[in-house]
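Asker: File start.csv below, CSV, C-alpha atoms:
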chain,number,residue,atom,x,y,z
A,1,MET,CA,73.7,76.8,84.6
A,2,GLU,CA,75.4,79.9,86.0
A,3,GLU,CA,72.3,82.1,85.7
A,4,ARG,CA,69.3,81.9,88.0
A,5,LEU,CA,66.5,81.6,85.5
A,6,GLY,CA,63.1,83.2,85.8
A,7,ILE,CA,60.2,82.7,83.4
A,8,ALA,CA,57.4,85.3,83.3
A,9,GLY,CA,54.5,83.4,81.8
A,10,SER,CA,52.8,80.0,82.2
A,11,GLY,CA,51.7,78.9,78.7
A,12,THR,CA,53.0,76.3,76.4
A,13,ILE,CA,56.3,78.0,75.6
A,14,ALA,CA,56.9,79.0,79.2
A,15,CYS,CA,56.3,75.6,80.6
A,16,GLY,CA,58.3,73.9,77.8
A,17,LEU,CA,61.2,76.2,78.6
A,18,ALA,CA,60.9,75.5,82.3
A,19,LYS,CA,60.9,71.7,81.8
A,20,THR,CA,64.0,72.0,79.7
A,21,ALA,CA,65.8,74.4,82.1
A,22,ALA,CA,64.9,72.3,85.2
A,23,GLU,CA,67.5,69.7,84.2
A,24,HIS,CA,70.2,72.3,84.4
A,25,GLY,CA,69.4,74.6,87.4
A,26,GLU,CA,66.9,76.3,89.5
A,27,VAL,CA,63.9,77.8,87.7
A,28,VAL,CA,61.1,80.1,88.9
A,29,VAL,CA,58.0,80.4,86.8
A,30,TRP,CA,55.5,83.3,87.3
A,31,ALA,CA,51.8,82.8,86.5
A,32,ARG,CA,49.2,85.6,86.5
A,33,SER,CA,46.6,83.7,88.6
A,34,GLU,CA,46.3,80.7,90.8
A,35,GLU,CA,44.4,78.9,88.1
A,36,SER,CA,47.2,79.5,85.6
A,37,ALA,CA,49.7,78.4,88.2
A,38,ALA,CA,47.9,75.1,88.8
A,39,ARG,CA,47.9,74.4,85.0
A,40,ALA,CA,51.6,75.2,84.9
A,41,ARG,CA,52.4,72.9,87.7
A,42,GLU,CA,50.5,70.1,86.0
A,43,SER,CA,52.2,70.8,82.7
A,44,VAL,CA,55.7,71.0,84.1
A,45,GLY,CA,55.1,67.7,86.0
A,46,PRO,CA,56.7,66.4,89.2
A,47,SER,CA,59.6,68.4,90.6
A,48,PRO,CA,63.0,67.2,89.3
A,49,GLY,CA,64.3,64.5,91.5
A,50,ALA,CA,60.8,63.5,92.8
A,51,PRO,CA,59.5,60.0,92.2
A,52,GLY,CA,58.2,59.9,88.6
A,53,GLY,CA,60.0,63.0,87.6
A,54,ASP,CA,61.9,63.2,84.3
A,55,ALA,CA,64.8,65.3,85.5
A,56,PRO,CA,67.9,63.9,87.1
A,57,ALA,CA,67.7,63.1,90.9
A,58,GLY,CA,68.9,66.1,93.0
A,59,ALA,CA,68.2,68.7,90.3
A,60,PRO,CA,66.5,71.9,91.7
A,61,PRO,CA,62.7,72.0,91.3
A,62,VAL,CA,60.6,74.3,89.2
A,63,THR,CA,58.9,76.8,91.5
A,64,VAL,CA,55.6,78.2,90.2
A,65,VAL,CA,54.5,81.4,91.8
A,66,THR,CA,51.9,84.1,91.4
A,67,ASP,CA,53.8,86.9,93.1
A,68,LEU,CA,56.0,88.7,90.5
A,69,ALA,CA,58.4,89.7,93.3
A,70,ALA,CA,59.5,86.1,93.6
A,71,LEU,CA,61.5,86.7,90.4
A,72,ALA,CA,63.5,89.4,92.1
A,73,GLY,CA,66.5,87.2,92.8
A,74,CYS,CA,66.7,85.9,89.2
A,75,THR,CA,69.6,87.0,87.0
A,76,PHE,CA,68.1,86.1,83.6
A,77,VAL,CA,64.4,86.5,83.2
A,78,VAL,CA,62.6,85.3,80.0
A,79,GLU,CA,59.2,86.8,79.2
A,80,ALA,CA,56.9,84.3,77.6
A,81,ILE,CA,53.4,85.7,77.6
A,82,ALA,CA,50.9,86.3,74.8
A,83,GLU,CA,52.2,88.0,71.6
A,84,ASP,CA,50.7,91.4,72.6
A,85,GLY,CA,53.1,94.3,72.6
A,86,ASP,CA,51.2,96.4,75.2
A,87,ALA,CA,51.0,93.5,77.6
A,88,LYS,CA,54.7,92.8,77.2
A,89,ARG,CA,55.7,96.4,77.7
A,90,GLU,CA,53.6,96.6,80.9
A,91,LEU,CA,55.2,93.5,82.3
A,92,PHE,CA,58.7,94.7,81.4
A,93,GLY,CA,58.1,97.9,83.4
A,94,ARG,CA,57.1,95.8,86.5
A,95,LEU,CA,60.0,93.5,86.1
A,96,ASP,CA,62.5,96.3,85.7
A,97,ALA,CA,61.4,97.7,89.0
A,98,ILE,CA,62.1,94.5,91.0
A,99,LEU,CA,65.2,93.0,89.3
A,100,GLY,CA,68.8,93.6,90.2
A,101,PRO,CA,70.8,96.1,88.0
A,102,GLN,CA,72.8,93.3,86.3
A,103,ALA,CA,69.8,91.1,85.5
A,104,ILE,CA,69.0,90.4,81.9
A,105,LEU,CA,65.5,90.6,80.5
A,106,ALA,CA,64.7,88.5,77.4
A,107,THR,CA,61.5,88.0,75.3
A,108,THR,CA,60.3,85.0,73.4
A,109,THR,CA,58.5,87.2,70.9
A,110,SER,CA,58.3,85.7,67.4
A,111,SER,CA,57.3,88.8,65.5
A,112,LEU,CA,57.6,92.0,67.5
A,113,SER,CA,60.5,94.5,67.3
A,114,VAL,CA,63.1,93.6,69.9
A,115,ARG,CA,64.5,97.1,69.8
A,116,GLU,CA,61.1,98.6,70.6
A,117,LEU,CA,60.4,96.2,73.4
A,118,ALA,CA,63.9,96.9,74.8
A,119,GLN,CA,63.1,100.6,75.2
A,120,ALA,CA,60.2,99.7,77.5
A,121,THR,CA,62.4,97.8,79.9
A,122,GLY,CA,64.5,100.6,81.3
A,123,ARG,CA,67.5,98.4,80.6
A,124,PRO,CA,68.0,98.1,76.8
A,125,ALA,CA,71.7,97.3,77.3
A,126,ARG,CA,70.6,94.2,79.1
A,127,PHE,CA,67.9,92.9,76.8
A,128,ALA,CA,67.6,90.1,74.3
A,129,GLY,CA,65.2,88.5,71.9
A,130,PHE,CA,65.2,84.8,72.9
A,131,HIS,CA,63.0,83.0,70.4
A,132,VAL,CA,62.6,79.4,71.3
A,133,PHE,CA,60.5,76.9,69.3
A,134,ASN,CA,57.6,74.6,70.2
A,135,PRO,CA,58.0,72.0,71.6
A,136,VAL,CA,60.9,73.6,73.5
A,137,PRO,CA,62.3,70.3,74.9
A,138,LYS,CA,62.7,68.9,71.4
A,139,MET,CA,63.6,71.9,69.2
A,140,ALA,CA,67.3,72.7,69.2
A,141,LEU,CA,67.3,76.3,67.9
A,142,VAL,CA,67.1,79.6,69.7
A,143,GLU,CA,67.1,82.7,67.5
A,144,LEU,CA,68.9,85.5,69.4
A,145,ALA,CA,68.2,89.1,68.4
A,146,PHE,CA,69.6,92.1,70.2
A,147,PRO,CA,68.8,95.8,70.4
A,148,PRO,CA,71.7,98.1,69.3
A,149,GLU,CA,72.3,99.0,73.0
A,150,ALA,CA,73.0,95.4,74.1
A,151,THR,CA,76.4,95.0,75.6
A,152,PRO,CA,79.0,92.3,74.8
A,153,ASP,CA,78.3,90.8,78.3
A,154,THR,CA,74.5,90.6,77.5
A,155,ARG,CA,75.2,88.9,74.2
A,156,ALA,CA,77.7,86.4,75.8
A,157,ARG,CA,75.3,85.6,78.7
A,158,ALA,CA,72.4,85.0,76.4
A,159,ARG,CA,74.5,82.6,74.3
A,160,GLY,CA,75.7,81.0,77.6
A,161,VAL,CA,72.1,80.3,78.6
A,162,CYS,CA,71.4,78.7,75.3
A,163,GLU,CA,74.5,76.5,75.6
A,164,ALA,CA,73.6,75.5,79.2
A,165,LEU,CA,70.1,74.4,78.0
A,166,GLY,CA,71.6,72.3,75.2
A,167,LYS,CA,70.4,74.6,72.5
A,168,THR,CA,72.1,76.0,69.4
A,169,SER,CA,71.9,79.8,69.2
A,170,VAL,CA,72.0,81.7,66.0
A,171,GLU,CA,72.1,85.5,66.1
A,172,VAL,CA,69.6,86.9,63.7
A,173,PRO,CA,68.6,90.4,62.6
A,174,ASP,CA,65.8,92.2,64.4
A,175,VAL,CA,63.4,92.1,61.5
A,176,PRO,CA,59.7,90.9,61.7
A,177,GLY,CA,59.6,87.1,61.9
A,178,PHE,CA,63.4,86.9,62.3
A,179,VAL,CA,64.6,84.1,59.9
A,180,VAL,CA,62.5,81.0,60.6
A,181,ASN,CA,59.0,82.6,60.7
A,182,ARG,CA,59.9,85.0,57.9
A,183,LEU,CA,60.5,82.1,55.6
A,184,LEU,CA,58.1,79.5,57.1
A,185,PHE,CA,54.7,81.2,57.3
A,186,PRO,CA,54.3,82.2,53.7
A,187,TYR,CA,54.8,78.5,52.9
A,188,LEU,CA,52.3,77.4,55.5
A,189,PHE,CA,49.7,79.9,54.2
A,190,SER,CA,50.3,78.7,50.6
A,191,ALA,CA,49.4,75.2,51.8
A,192,VAL,CA,46.0,76.5,53.0
A,193,ARG,CA,45.4,78.2,49.7
A,194,LEU,CA,46.3,75.0,47.8
A,195,LEU,CA,43.9,73.1,50.0
A,196,GLU,CA,41.1,75.6,49.1
A,197,GLU,CA,41.9,75.6,45.4
A,198,THR,CA,42.1,71.9,44.9
A,199,GLY,CA,39.8,70.4,47.5
A,200,MET,CA,42.5,68.0,48.6
A,201,ASP,CA,42.3,66.3,52.0
A,202,ALA,CA,44.5,68.1,54.6
A,203,ALA,CA,46.2,64.8,55.5
A,204,ASP,CA,47.2,64.2,51.9
A,205,VAL,CA,48.8,67.7,51.6
A,206,ASP,CA,50.7,67.0,54.8
A,207,ALA,CA,51.7,63.5,53.6
A,208,CYS,CA,53.1,65.0,50.3
A,209,MET,CA,55.4,67.4,52.2
A,210,LYS,CA,56.5,64.8,54.8
A,211,LEU,CA,57.3,62.1,52.3
A,212,GLY,CA,58.4,64.2,49.4
A,213,ALA,CA,60.3,67.0,51.1
A,214,GLY,CA,61.4,65.2,54.2
A,215,HIS,CA,59.6,67.5,56.6
A,216,PRO,CA,58.9,66.0,60.0
A,217,LEU,CA,55.4,67.6,60.1
A,218,GLY,CA,53.1,68.7,57.3
A,219,PRO,CA,52.3,72.4,56.9
A,220,LEU,CA,48.7,72.1,58.0
A,221,ALA,CA,49.5,70.1,61.1
A,222,LEU,CA,52.3,72.6,61.8
A,223,LEU,CA,49.8,75.5,61.7
A,224,ASP,CA,47.6,73.8,64.2
A,225,LEU,CA,50.6,73.1,66.5
A,226,ALA,CA,51.8,76.7,66.3
A,227,GLY,CA,48.3,78.1,67.0
A,228,LEU,CA,46.1,79.8,64.4
A,229,ASP,CA,45.9,83.0,66.5
A,230,VAL,CA,49.7,83.1,66.6
A,231,ALA,CA,49.9,82.4,62.9
A,232,VAL,CA,47.6,85.4,62.1
A,233,ALA,CA,49.7,87.7,64.3
A,234,ILE,CA,53.0,86.6,62.7
A,235,GLY,CA,51.6,86.8,59.2
A,236,ASP,CA,50.4,90.3,59.7
A,237,SER,CA,53.7,91.4,61.2
A,238,ILE,CA,55.8,90.0,58.3
A,239,GLY,CA,53.5,91.3,55.5
A,240,ALA,CA,52.1,87.8,54.6
A,241,PRO,CA,48.5,88.1,55.6
A,242,ALA,CA,46.9,84.8,56.6
A,243,PRO,CA,44.2,83.3,54.4
A,244,GLU,CA,40.6,84.1,55.5
A,245,ARG,CA,40.1,80.4,56.4
A,246,VAL,CA,42.8,80.7,59.0
A,247,ARG,CA,41.4,83.9,60.4
A,248,ALA,CA,37.9,82.3,60.6
A,249,LEU,CA,39.2,79.3,62.4
Could the structure of this file be written out as structure tokens, please?

Answerer:
Amino acid sequence: MEERLGIAGSGTIACGLAKTAAEHGEVVVWARSEESAARARESVGPSPGAPGGDAPAGAPPVTVVTDLAALAGCTFVVEAIAEDGDAKRELFGRLDAILGPQAILATTTSSLSVRELAQATGRPARFAGFHVFNPVPKMALVELAFPPEATPDTRARARGVCEALGKTSVEVPDVPGFVVNRLLFPYLFSAVRLLEETGMDAADVDACMKLGAGHPLGPLALLDLAGLDVAVAIGDSIGAPAPERVRAL
């Protein structure tokens, strides 16, 4: 991979992206605390090339740090923290101050406005929505969304990172939920309402959609995998409020 990749965040998406990218180049992961860093190191697993590691021998390791300045040398930095606009904007301000002028900032947001986040970076011409899917090592799609200011170079470099990671990129409009979540979450919420209306067993609802519609995962299992807090946030952003059962859980 031509870019030196930095990942700001240490949760499930961040670690999944790090594991994927480690097979293709050097990766630096930033965690907010030593505790988070320890969890991230355990999640990412042995350094590539180390005994027991999954990545090819000789591949650069994933470096997990707690000092944000360690990302200063990265040329493409992906923010992957909680789906909180204020927290993302605060982090972008800090990253803009330490990154080189040609570095690109990207966000894994699944529901927030890419254009609005770009304005908080100080570099909207070098900003991208980089929506990967969980589990990152297995899911082939990256939804790319760009602010109007994004340059052709920014767009090409974002597509290049996707290609280097073995992912398929699709440029999507900067609308709440992009394409996948805009279509997916109303369906998932309808499965919850069906469950409540009929009293069916959750496993039976999932079995119907897996066996009858060819889905690899049933809607209720998929909600659990996505995270119910994330589901509520996405539902609110796309105008498809989550059922009260989901909010309660």

Asker: Could you work out how far atom CA of Ala8 of chain A lies from atom CA of Ala226 of chain A, giving the answer in Å with one decimal?

Answerer: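 Pair atom CA of Ala226 of chain A / atom CA of Ala8 of chain A returns 19.9 Å.
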
Asker: A:Ser43, A:Ser36, A:Thr63, A:Ser111: which is nearest Gly239 of chain A, counting only C-alpha atoms?

Answerer: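 For Gly239 of chain A, the nearest of the given residues is A:Ser111.
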
Asker: If we draw a sphere of 8 Å around (71.4, 84.7, 67.6), which residues have at least one atom in it when counting all atoms listed in the file? Please report them as a list of chain:residue names.

Answerer: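 Residues close enough to count: A:Val142, A:Glu143, A:Leu144, A:Ala145, A:Arg159, A:Ser169, A:Val170, A:Glu171, A:Val172.
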
Asker: Fewer than 4 positions away in the same chain doesn't count, so skip those; otherwise give me all residues within 9 Å of Ser237 of chain A, counting all atoms listed in the file, as a PyMOL selection string.

Answerer: chain A and resi 111-112+176-177+232-233+241

Asker: Quick one: everything within 8 Å of Gly166 of chain A, counting all atoms listed in the file, minus sequence neighbours fewer than 3 positions away in the same chain. Send it as a list in words.

Answerer: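 Neighbouring residues, sequence-local ones excluded: Ala140, Cys162 and Glu163 of chain A.
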
Asker: With C-alpha atoms retained, export the selected residues as a compact mmCIF listing (two decimals), in the coordinates of the input.

Answerer:
# COMPACT_ATOMS: atom_id res chain seq x y z
CA ALA A 140 67.30 72.70 69.20
CA CYS A 162 71.40 78.70 75.30
CA GLU A 163 74.50 76.50 75.60

Asker: Here is a test: counting only C-alpha atoms, which residue of A:Ala158, A:Ala128, A:Ala80, A:Met209 is nearest to Leu105 of chain A?

Answerer: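 Nearest to Leu105 of chain A: A:Ala128.
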